[in-house]
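One file, final15.cif, carrying mmCIF, C-alpha atoms:
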```cif
data_start
#
loop_
_atom_site.label_atom_id
_atom_site.label_comp_id
_atom_site.auth_asym_id
_atom_site.auth_seq_id
_atom_site.Cartn_x
_atom_site.Cartn_y
_atom_site.Cartn_z
CA MET A 265 -4.52 -41.08 10.24
CA GLY A 266 -7.67 -39.89 8.47
CA LYS A 267 -8.07 -38.05 5.21
CA ILE A 268 -8.77 -34.34 4.79
CA TYR A 269 -11.39 -33.12 2.33
CA TYR A 270 -10.91 -29.41 1.59
CA VAL A 271 -14.15 -27.85 0.31
CA SER A 272 -13.67 -24.57 -1.55
CA TYR A 273 -13.95 -22.72 -4.87
CA TYR A 274 -10.39 -23.67 -5.72
CA THR A 275 -9.19 -23.64 -9.32
CA GLU A 276 -5.77 -23.99 -10.87
CA LYS A 277 -7.03 -22.24 -14.01
CA ASN A 278 -6.22 -18.61 -14.73
CA SER A 279 -9.82 -17.85 -15.60
CA ALA A 280 -12.37 -15.13 -14.94
CA GLY A 281 -14.06 -15.53 -11.59
CA ALA A 282 -11.07 -17.23 -9.98
CA PHE A 283 -10.47 -16.23 -6.36
CA VAL A 284 -6.75 -15.51 -6.63
CA ALA A 285 -6.03 -14.65 -2.98
CA ALA A 286 -8.13 -17.57 -1.76
CA ASN A 287 -6.42 -20.02 -4.12
CA ASP A 288 -3.00 -18.90 -2.90
CA LYS A 289 -4.00 -19.36 0.72
CA ILE A 290 -5.50 -22.78 -0.01
CA ASP A 291 -2.26 -23.82 -1.77
CA TYR A 292 -0.33 -22.78 1.33
CA ILE A 293 -2.58 -24.69 3.74
CA ILE A 294 -2.41 -27.78 1.54
CA GLU A 295 1.40 -27.65 1.63
CA LYS A 296 1.23 -27.68 5.42
CA LEU A 297 -1.29 -30.54 5.54
CA ILE A 298 0.83 -32.64 3.18
CA ARG A 299 3.92 -31.88 5.26
CA CYS A 300 2.08 -33.02 8.38
CA GLY A 301 1.38 -36.32 6.64
CA TYR A 302 -2.32 -35.92 5.87
CA GLU A 303 -3.77 -37.30 2.66
CA THR A 304 -5.58 -34.28 1.24
CA GLU A 305 -8.26 -33.90 -1.40
CA ILE A 306 -9.62 -30.57 -2.65
CA VAL A 307 -13.32 -30.79 -3.45
CA SER A 308 -13.99 -27.74 -5.58
CA ALA A 309 -17.32 -26.06 -6.28
CA PHE A 310 -15.72 -23.63 -8.73
CA GLY A 311 -17.78 -23.15 -11.87
CA GLU A 312 -15.90 -21.54 -14.74
CA LYS A 313 -17.97 -19.31 -17.04
CA SER A 314 -18.26 -21.13 -20.35
CA ASP A 315 -20.82 -21.51 -23.12
CA LYS A 316 -19.99 -25.21 -23.17
CA ARG A 317 -20.44 -27.89 -20.55
CA ILE A 318 -17.32 -28.54 -18.48
CA LYS A 319 -16.87 -32.14 -17.40
CA ALA A 320 -15.96 -33.28 -13.91
CA GLU A 321 -12.28 -33.96 -13.41
CA ARG A 322 -10.08 -35.75 -10.91
CA LYS A 323 -6.34 -35.17 -10.94
CA THR A 324 -3.31 -35.07 -8.68
CA LEU A 325 -1.73 -31.64 -8.24
CA PRO A 326 2.07 -31.16 -8.12
CA VAL A 327 1.97 -30.58 -4.36
CA GLY A 328 0.52 -34.07 -3.89
CA ALA A 329 -3.15 -33.30 -3.19
CA VAL A 330 -5.99 -34.60 -5.35
CA LEU A 331 -8.35 -32.09 -7.00
CA GLN A 332 -11.95 -33.20 -7.56
CA THR A 333 -14.27 -31.00 -9.62
CA PHE A 334 -17.85 -31.49 -10.82
CA ASP A 335 -19.75 -31.13 -14.09
CA VAL A 336 -20.49 -27.47 -14.79
CA LEU A 337 -23.44 -26.52 -16.98
CA PRO A 338 -23.05 -23.92 -19.76
CA TYR A 339 -23.33 -20.34 -18.57
CA ARG A 340 -26.76 -18.93 -19.47
CA GLY A 341 -27.11 -15.55 -17.75
CA ILE A 342 -28.52 -14.87 -14.26
CA ILE A 343 -31.09 -17.67 -14.18
CA GLY A 344 -28.55 -20.11 -15.54
CA ARG A 345 -26.13 -19.02 -12.84
CA PHE A 346 -28.50 -20.10 -10.07
CA VAL A 347 -29.19 -23.40 -11.81
CA ARG A 348 -25.45 -24.02 -12.13
CA LEU A 349 -24.85 -23.20 -8.47
CA ALA A 350 -27.70 -25.41 -7.27
CA LYS A 351 -26.45 -28.36 -9.31
CA THR A 352 -22.88 -27.96 -8.07
CA ARG A 353 -24.10 -27.69 -4.48
CA ARG A 354 -26.04 -30.96 -4.85
CA GLU A 355 -23.00 -32.71 -6.32
CA LEU A 356 -20.81 -31.36 -3.53
CA LYS A 357 -23.21 -32.59 -0.84
CA LYS A 358 -23.51 -36.01 -2.42
CA TYR A 359 -19.74 -36.38 -2.78
CA ILE A 360 -18.85 -35.40 0.79
CA LEU A 361 -21.61 -37.50 2.37
CA GLY A 362 -20.60 -40.44 0.22
CA ASN A 363 -16.86 -40.28 0.91
CA ALA A 364 -15.95 -38.63 4.24
CA LYS A 365 -15.72 -41.20 7.01
CA GLN A 366 -15.07 -41.33 10.73
CA GLY A 367 -11.54 -40.17 11.42
CA ASP A 368 -11.56 -37.84 8.42
CA ILE A 369 -11.64 -34.04 8.51
CA VAL A 370 -13.83 -31.88 6.26
CA LEU A 371 -12.12 -28.50 6.02
CA ILE A 372 -14.49 -25.92 4.53
CA TYR A 373 -13.52 -22.53 3.12
CA HIS A 374 -16.51 -20.51 4.31
CA SER A 375 -18.87 -19.41 1.54
CA LEU A 376 -22.49 -18.29 1.42
CA GLY A 377 -22.72 -20.36 -1.75
CA TYR A 378 -22.83 -23.61 0.21
CA ASP A 379 -23.14 -22.65 3.89
CA LYS A 380 -26.56 -24.33 4.05
CA LEU A 381 -24.66 -27.62 3.90
CA TYR A 382 -22.80 -27.07 7.18
CA LYS A 383 -25.71 -28.27 9.34
CA CYS A 384 -26.27 -31.28 7.08
CA PHE A 385 -22.60 -32.28 7.31
CA LYS A 386 -22.62 -31.83 11.08
CA LYS A 387 -25.70 -34.05 11.53
CA LYS A 388 -24.93 -36.78 8.99
CA LEU A 389 -21.14 -37.10 8.99
CA LYS A 390 -18.98 -38.88 11.53
CA ALA A 391 -16.04 -36.89 10.18
CA LYS A 392 -15.04 -33.70 12.03
CA ILE A 393 -15.59 -30.26 10.48
CA ILE A 394 -13.18 -27.31 10.43
CA ILE A 395 -14.42 -24.07 8.91
CA GLU A 396 -11.94 -21.57 7.48
CA ALA A 397 -13.55 -18.16 8.02
CA GLU A 398 -11.99 -15.14 6.34
CA GLU A 399 -14.70 -12.64 7.28
CA ILE A 400 -18.39 -12.23 8.03
CA TYR A 401 -19.73 -11.78 4.51
CA SER A 402 -22.99 -10.20 5.63
CA ASP A 403 -20.93 -7.37 7.16
CA VAL A 404 -19.32 -6.74 3.78
CA SER A 405 -22.60 -6.79 1.86
CA ARG A 406 -24.46 -4.90 4.62
CA SER A 407 -27.32 -7.35 4.31
CA GLY A 408 -28.76 -6.79 7.78
CA GLU A 409 -28.69 -8.25 11.27
CA LYS A 410 -31.01 -11.17 10.46
CA THR A 411 -28.73 -12.38 7.66
CA ARG A 412 -25.66 -11.85 9.85
CA HIS A 413 -27.19 -13.90 12.67
CA LYS A 414 -27.95 -16.74 10.25
CA GLU A 415 -24.42 -16.70 8.86
CA ILE A 416 -22.86 -16.85 12.32
CA LYS A 417 -25.27 -19.64 13.32
CA ASN A 418 -24.15 -21.70 10.31
CA LEU A 419 -20.51 -21.16 11.25
CA GLY A 420 -21.34 -22.64 14.65
CA PHE A 421 -21.66 -26.13 13.16
CA ALA A 422 -17.86 -26.51 13.07
CA ASP A 423 -15.69 -28.57 15.43
CA GLY A 424 -12.80 -26.14 14.97
CA TYR A 425 -11.79 -23.05 13.04
CA LEU A 426 -9.16 -21.41 10.89
CA PHE A 427 -9.62 -17.65 11.34
CA SER A 428 -8.04 -14.88 9.28
CA ALA A 429 -8.08 -12.64 12.37
CA ALA A 430 -8.20 -13.37 16.10
CA GLU A 431 -11.16 -10.98 16.38
CA LEU A 432 -13.36 -13.50 14.54
CA ASN A 433 -13.03 -15.92 17.44
CA GLY A 434 -15.02 -13.63 19.74
CA ILE A 435 -17.78 -13.30 17.16
CA VAL A 436 -18.12 -16.87 15.92
CA ASN A 437 -16.72 -19.28 18.50
CA ALA A 438 -19.25 -19.20 21.33
CA GLY A 439 -18.50 -22.84 22.12
CA GLU A 440 -14.80 -22.14 22.67
CA LYS A 441 -13.78 -24.77 20.14
CA PRO A 442 -10.15 -25.19 19.00
CA PHE A 443 -8.98 -22.53 16.54
CA VAL A 444 -5.88 -21.30 14.75
CA VAL A 445 -5.28 -17.84 13.29
CA LEU A 446 -3.83 -17.62 9.80
CA ASN A 447 -3.59 -13.98 8.67
CA GLY A 448 -2.37 -14.90 5.21
CA VAL A 449 0.34 -16.83 3.43
CA TYR A 450 3.45 -17.02 5.62
CA ARG A 451 5.80 -17.78 2.76
CA GLN A 452 8.87 -15.71 1.93
CA GLU A 453 8.75 -15.50 -1.85
CA LYS A 454 11.86 -15.81 -4.00
CA THR A 455 12.92 -12.65 -5.81
CA ALA A 456 11.61 -12.57 -9.36
CA THR A 457 13.28 -10.89 -12.34
CA PHE A 458 11.66 -7.66 -13.44
CA ALA A 459 12.46 -4.58 -15.49
CA PRO A 460 13.93 -1.64 -13.54
CA HIS A 461 11.64 1.36 -13.15
CA GLY A 462 14.19 4.17 -12.94
CA ASP A 463 13.55 6.83 -10.36
CA LYS A 464 9.86 6.04 -10.05
CA ILE A 465 8.45 4.98 -6.68
CA ARG A 466 5.92 2.33 -7.57
CA ILE A 467 2.82 1.68 -5.49
CA VAL A 468 0.43 -1.24 -5.86
CA TYR A 469 -3.08 -2.02 -4.72
CA ALA A 470 -3.81 -5.73 -5.22
CA GLY A 471 -7.24 -6.96 -4.25
CA THR A 472 -10.94 -6.84 -4.87
CA LEU A 473 -12.60 -4.05 -6.84
CA ASP A 474 -15.73 -4.43 -4.70
CA LYS A 475 -17.22 -1.00 -4.01
CA ASN A 476 -18.41 -2.14 -0.59
CA LYS A 477 -14.77 -2.43 0.44
CA GLY A 478 -13.71 0.71 -1.38
CA GLY A 479 -9.99 0.00 -1.40
CA ALA A 480 -9.34 0.13 -5.14
CA GLU A 481 -11.29 3.33 -5.75
CA ILE A 482 -9.56 5.38 -3.07
CA ALA A 483 -6.17 3.99 -4.15
CA VAL A 484 -6.77 5.42 -7.64
CA LYS A 485 -7.93 8.78 -6.25
CA THR A 486 -4.73 9.02 -4.15
CA ALA A 487 -2.78 9.68 -7.38
CA ALA A 488 -4.19 13.21 -7.56
CA PHE A 489 -2.10 14.13 -4.51
CA LEU A 490 1.18 12.54 -5.58
CA PRO A 491 3.96 14.02 -7.78
CA GLU A 492 5.11 12.57 -11.09
CA ASN A 493 7.87 10.41 -9.59
CA TYR A 494 5.19 8.09 -8.19
CA GLU A 495 3.16 5.49 -10.10
CA ILE A 496 0.18 3.44 -8.90
CA THR A 497 -0.78 0.01 -10.24
CA ILE A 498 -4.19 -1.51 -9.52
CA LEU A 499 -4.45 -5.30 -9.66
CA GLY A 500 -7.61 -7.29 -9.13
CA GLY A 501 -10.87 -8.48 -10.54
CA GLY A 502 -14.56 -8.17 -9.95
CA THR A 503 -17.81 -8.01 -11.86
CA ASP A 504 -17.87 -6.58 -15.38
CA GLU A 505 -19.40 -3.41 -13.94
CA GLU A 506 -16.71 -3.07 -11.25
CA ILE A 507 -13.94 -3.53 -13.81
CA GLU A 508 -15.47 -0.98 -16.14
CA ASN A 509 -15.89 1.51 -13.28
CA ILE A 510 -12.25 1.22 -12.21
CA ARG A 511 -11.05 1.56 -15.81
CA ALA A 512 -13.13 4.73 -16.21
CA LEU A 513 -11.83 6.15 -12.92
CA VAL A 514 -8.23 5.41 -13.93
CA ALA A 515 -8.71 7.14 -17.29
CA GLU A 516 -10.31 10.18 -15.65
CA THR A 517 -7.57 10.39 -13.00
CA ASN A 518 -4.75 10.17 -15.56
CA LYS A 519 -6.14 13.24 -17.36
CA LYS A 520 -5.58 15.38 -14.25
CA SER A 521 -2.85 13.71 -12.20
CA ALA A 522 0.93 13.98 -12.45
CA CYS A 523 1.13 10.52 -10.90
CA LYS A 524 0.24 7.88 -13.46
CA VAL A 525 -2.23 5.10 -12.62
CA VAL A 526 -2.32 1.73 -14.41
CA TYR A 527 -5.03 -0.91 -14.17
CA GLY A 528 -3.23 -4.22 -14.64
CA GLY A 529 -6.20 -6.59 -14.38
CA VAL A 530 -5.84 -9.94 -12.65
CA LYS A 531 -2.39 -11.52 -12.38
CA PHE A 532 -1.60 -15.11 -11.48
CA GLY A 533 1.43 -17.06 -10.29
CA ASP A 534 4.83 -15.83 -11.43
CA GLU A 535 3.29 -12.93 -13.35
CA TYR A 536 1.65 -11.72 -10.14
CA LYS A 537 4.90 -12.05 -8.17
CA LYS A 538 6.91 -10.21 -10.80
CA THR A 539 4.41 -7.36 -10.87
CA ILE A 540 4.22 -7.11 -7.09
CA GLN A 541 7.98 -7.29 -6.61
CA SER A 542 8.53 -4.54 -9.14
CA CYS A 543 6.76 -2.21 -6.70
CA ASP A 544 7.98 -0.51 -3.53
CA ILE A 545 4.82 0.07 -1.49
CA GLY A 546 1.69 -2.07 -1.13
CA LEU A 547 -1.60 -0.39 -0.23
CA CYS A 548 -4.32 -1.78 2.02
CA THR A 549 -6.91 0.97 1.70
CA GLN A 550 -10.33 -0.50 2.43
CA ASN A 551 -12.63 1.62 4.57
CA PRO A 552 -11.66 1.18 8.27
CA GLU A 553 -15.14 2.28 9.39
CA ALA A 554 -16.88 -0.60 7.60
CA ASP A 555 -18.26 -3.30 9.91
CA PHE A 556 -16.27 -6.11 8.31
CA ASN A 557 -12.96 -4.47 9.21
CA SER A 558 -13.54 -5.12 12.90
CA SER A 559 -12.90 -8.80 12.28
CA SER A 560 -11.31 -9.23 8.86
CA PHE A 561 -7.58 -9.36 8.21
CA PRO A 562 -6.65 -8.30 4.65
CA SER A 563 -4.55 -11.19 3.30
CA LYS A 564 -2.94 -8.84 0.78
CA ILE A 565 -0.77 -7.52 3.64
CA LEU A 566 1.01 -10.88 3.97
CA SER A 567 1.34 -11.06 0.19
CA TYR A 568 3.05 -7.66 0.18
CA LEU A 569 5.36 -8.48 3.08
CA SER A 570 6.26 -11.90 1.66
CA ASN A 571 7.30 -10.24 -1.57
CA GLY A 572 9.46 -7.65 0.17
CA LEU A 573 7.21 -4.58 -0.06
CA ILE A 574 6.62 -1.83 2.45
CA VAL A 575 2.95 -1.91 3.54
CA LEU A 576 0.72 1.10 4.12
CA SER A 577 -2.64 0.32 5.70
CA ALA A 578 -5.72 1.88 7.19
CA LYS A 579 -5.81 1.70 10.98
CA ILE A 580 -7.75 -1.54 11.38
CA PRO A 581 -7.76 -3.42 14.73
CA ALA A 582 -7.35 -6.78 13.00
CA VAL A 583 -4.13 -5.48 11.41
CA GLY A 584 -2.73 -3.45 14.28
CA ASN A 585 -3.29 -6.27 16.79
CA SER A 586 -1.88 -8.97 14.51
CA ALA A 587 1.55 -10.56 14.56
CA VAL A 588 2.65 -8.27 11.71
CA GLY A 589 1.05 -5.10 13.09
CA GLU A 590 4.36 -3.47 14.02
CA SER A 591 5.80 -4.12 10.55
CA VAL A 592 3.13 -2.02 8.83
CA TYR A 593 2.87 1.74 8.21
CA TYR A 594 -0.50 3.44 8.77
CA TYR A 595 -2.30 6.52 7.47
CA ASP A 596 -4.57 8.72 9.60
CA LYS A 597 -7.76 9.39 7.62
CA GLN A 598 -9.68 7.53 4.95
CA GLU A 599 -9.04 10.32 2.46
CA PRO A 600 -6.86 10.32 -0.70
CA GLN A 601 -4.76 13.23 0.52
CA SER A 602 -4.08 11.59 3.91
CA ILE A 603 -3.00 8.39 2.15
CA ALA A 604 -0.78 10.37 -0.24
CA ASP A 605 0.80 12.27 2.66
CA ALA A 606 1.65 8.99 4.39
CA ILE A 607 3.12 7.58 1.16
CA LYS A 608 5.41 10.59 0.72
CA LYS A 609 6.76 10.14 4.26
CA ILE A 610 7.92 6.57 3.56
CA ASP A 611 11.61 6.15 2.85
CA VAL A 612 11.58 3.28 0.36
CA LYS A 613 15.35 2.89 0.65
CA ASN A 614 14.97 1.81 4.25
CA ASN A 615 12.59 -1.09 3.84
CA ARG A 616 11.19 -2.41 7.12
CA SER A 617 10.40 -5.85 5.68
CA ASP A 618 11.16 -8.51 8.31
CA LYS A 619 11.98 -11.81 6.59
CA GLY A 620 12.63 -13.51 9.91
CA LEU A 621 9.09 -12.70 11.07
CA ILE A 622 7.50 -14.43 8.08
CA CYS A 623 9.60 -17.55 8.65
CA SER A 624 8.73 -17.74 12.36
CA LEU A 625 5.02 -17.31 11.61
CA ASP A 626 5.27 -20.10 9.04
CA GLU A 627 6.77 -22.48 11.58
CA ARG A 628 4.23 -21.53 14.24
CA PHE A 629 1.25 -22.09 11.94
CA SER A 630 2.50 -25.53 10.89
CA ARG A 631 2.73 -26.57 14.53
CA GLU A 632 -0.60 -25.07 15.60
CA LEU A 633 -2.53 -26.51 12.63
CA ASN A 634 -1.19 -29.97 13.36
CA GLU A 635 -2.02 -29.68 17.05
CA MET A 636 -5.55 -28.44 16.39
CA ILE A 637 -6.36 -31.37 14.11
CA ASP A 638 -5.06 -33.78 16.75
CA VAL A 639 -7.16 -32.17 19.47
CA ILE A 640 -10.28 -32.25 17.27
CA ASN A 641 -9.71 -35.90 16.38
CA ASP A 642 -8.79 -37.47 19.71
CA GLY A 643 -7.24 -34.96 22.08
CA LYS A 644 -3.76 -36.38 21.50
CA LYS A 645 -0.80 -34.48 20.14
CA ARG A 646 1.82 -35.85 17.85
CA ALA A 647 5.12 -34.34 16.78
CA LEU A 648 5.62 -32.84 13.35
#
```
Kindly return the structure encoded in the file as structure tokens.
Amino acid sequence: MGKIYYVSYYTEKNSAGAFVAANDKIDYIIEKLIRCGYETEIVSAFGEKSDKRIKAERKTLPVGAVLQTFDVLPYRGIIGRFVRLAKTRRELKKYILGNAKQGDIVLIYHSLGYDKLYKCFKKKLKAKIIIEAEEIYSDVSRSGEKTRHKEIKNLGFADGYLFSAAELNGIVNAGEKPFVVLNGVYRQEKTATFAPHGDKIRIVYAGTLDKNKGGAEIAVKTAAFLPENYEITILGGGTDEEIENIRALVAETNKKSACKVVYGGVKFGDEYKKTIQSCDIGLCTQNPEADFNSSSFPSKILSYLSNGLIVLSAKIPAVGNSAVGESVYYYDKQEPQSIADAIKKIDVKNNRSDKGLICSLDERFSRELNEMIDVINDGKKRAL
């Protein structure tokens, strides 16, 4: 049985720039790989912002996987950022080419930061490549058809795929290679202890503050159409500008709205779970008309469901057609008032959370991931 090298921006540190949702999903996949008996090593290109040099590190995580990081140069503004990224990319390339062997799997969390390496790995490695694709990033950034074509071409260098939504298969997988769909983390979370919130109905938006996705901004604006017995919490990170913009919007909204809005910043681990579980309704409010929503499943939906929340989402094909589509509530228009109207119709006392569904999806993913790796390696299947 070969070894699996998991290339990503993984970090166990609660630091600025950490990709919280991605880290959680990576943790989940690693648990499954370890359970299937695969020796797993995370090769991380994450570069923490610091005015001091951060040394490379190699350590074993509690789950049993090894985490390998690289030297990170001190942060020195925009130019320094590109120098840092280029150095990390070189170290990543050197490490994978020097270590991955025939019979191994290189599992890559898709990123434009190192997607130029996909072709190199495909040509020079005897190991097989699986690419974990969450979305087409050029659709999110609206960077044009030429950039989109290049991104999809780079994704084509895989031997198999982990997709966040089945719709991605039709866009990326022209060669009909093996694939598995993982919408999010299929883990039923244990109930955390949190302070009661009286008669308030608490709503949460947890995710990116990226204006291109628009979910956080419209979630804040929804407060203007809700009465005082509702409260909205915004969780998530972004650039300094995005954080400042959401803080300003929250302050402006609270001056006019009966419904209070709180920006809670970025939460990790148990603190995140406690905050989420103290809420009743989870919002997935990114713009359904944006190109990326035709093929991107918002992983926050699984996070909400796993923590026992009712989910209210925009009408997105990737959500409606998914395995959890019937467990989600939907609003009609991408307008604050339409979202608020849908919220007020939800009876929070009759929670539609289906714990059995999450467990069955967990078991199915474990089986399908194991089978895909076997097919990619030698076409043989082995029991879990």
query = Which residues match the PyMOL selection byres ((chain A and resi 327-340) around 7) in the file above, as number ranges by chain?
reply = A: 295, 304-309, 311, 313-326, 341-345, 348, 352, 355
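Near (-5.2, -19.5, -7.7), the residues inside the 6 Å limit, counting only C-alpha atoms, come to Thr275, Glu276, Val284, Asn287 and Asp288 of chain A.
Among A:Val449, A:Ser272, A:Asn509, A:Asn493, the residue with the shortest atom-to-atom distance to Asp474 (chain A), counting all atoms listed in the file, is A:Asn509.
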task = One decimal, Å: what's the distance from CA of Lys597 (chain A) over to CA of Asn551 (chain A), could you say?
result =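 Taking CA of Lys597 (chain A) and CA of Asn551 (chain A), their separation equals 9.7 Å.
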key: Pick from A:Val588, A:Lys392, A:Thr455, A:Lys538 nearest to Ala429 (chain A), counting all atoms listed in the file   =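 Smallest separation from Ala429 (chain A) among the options: A:Val588.
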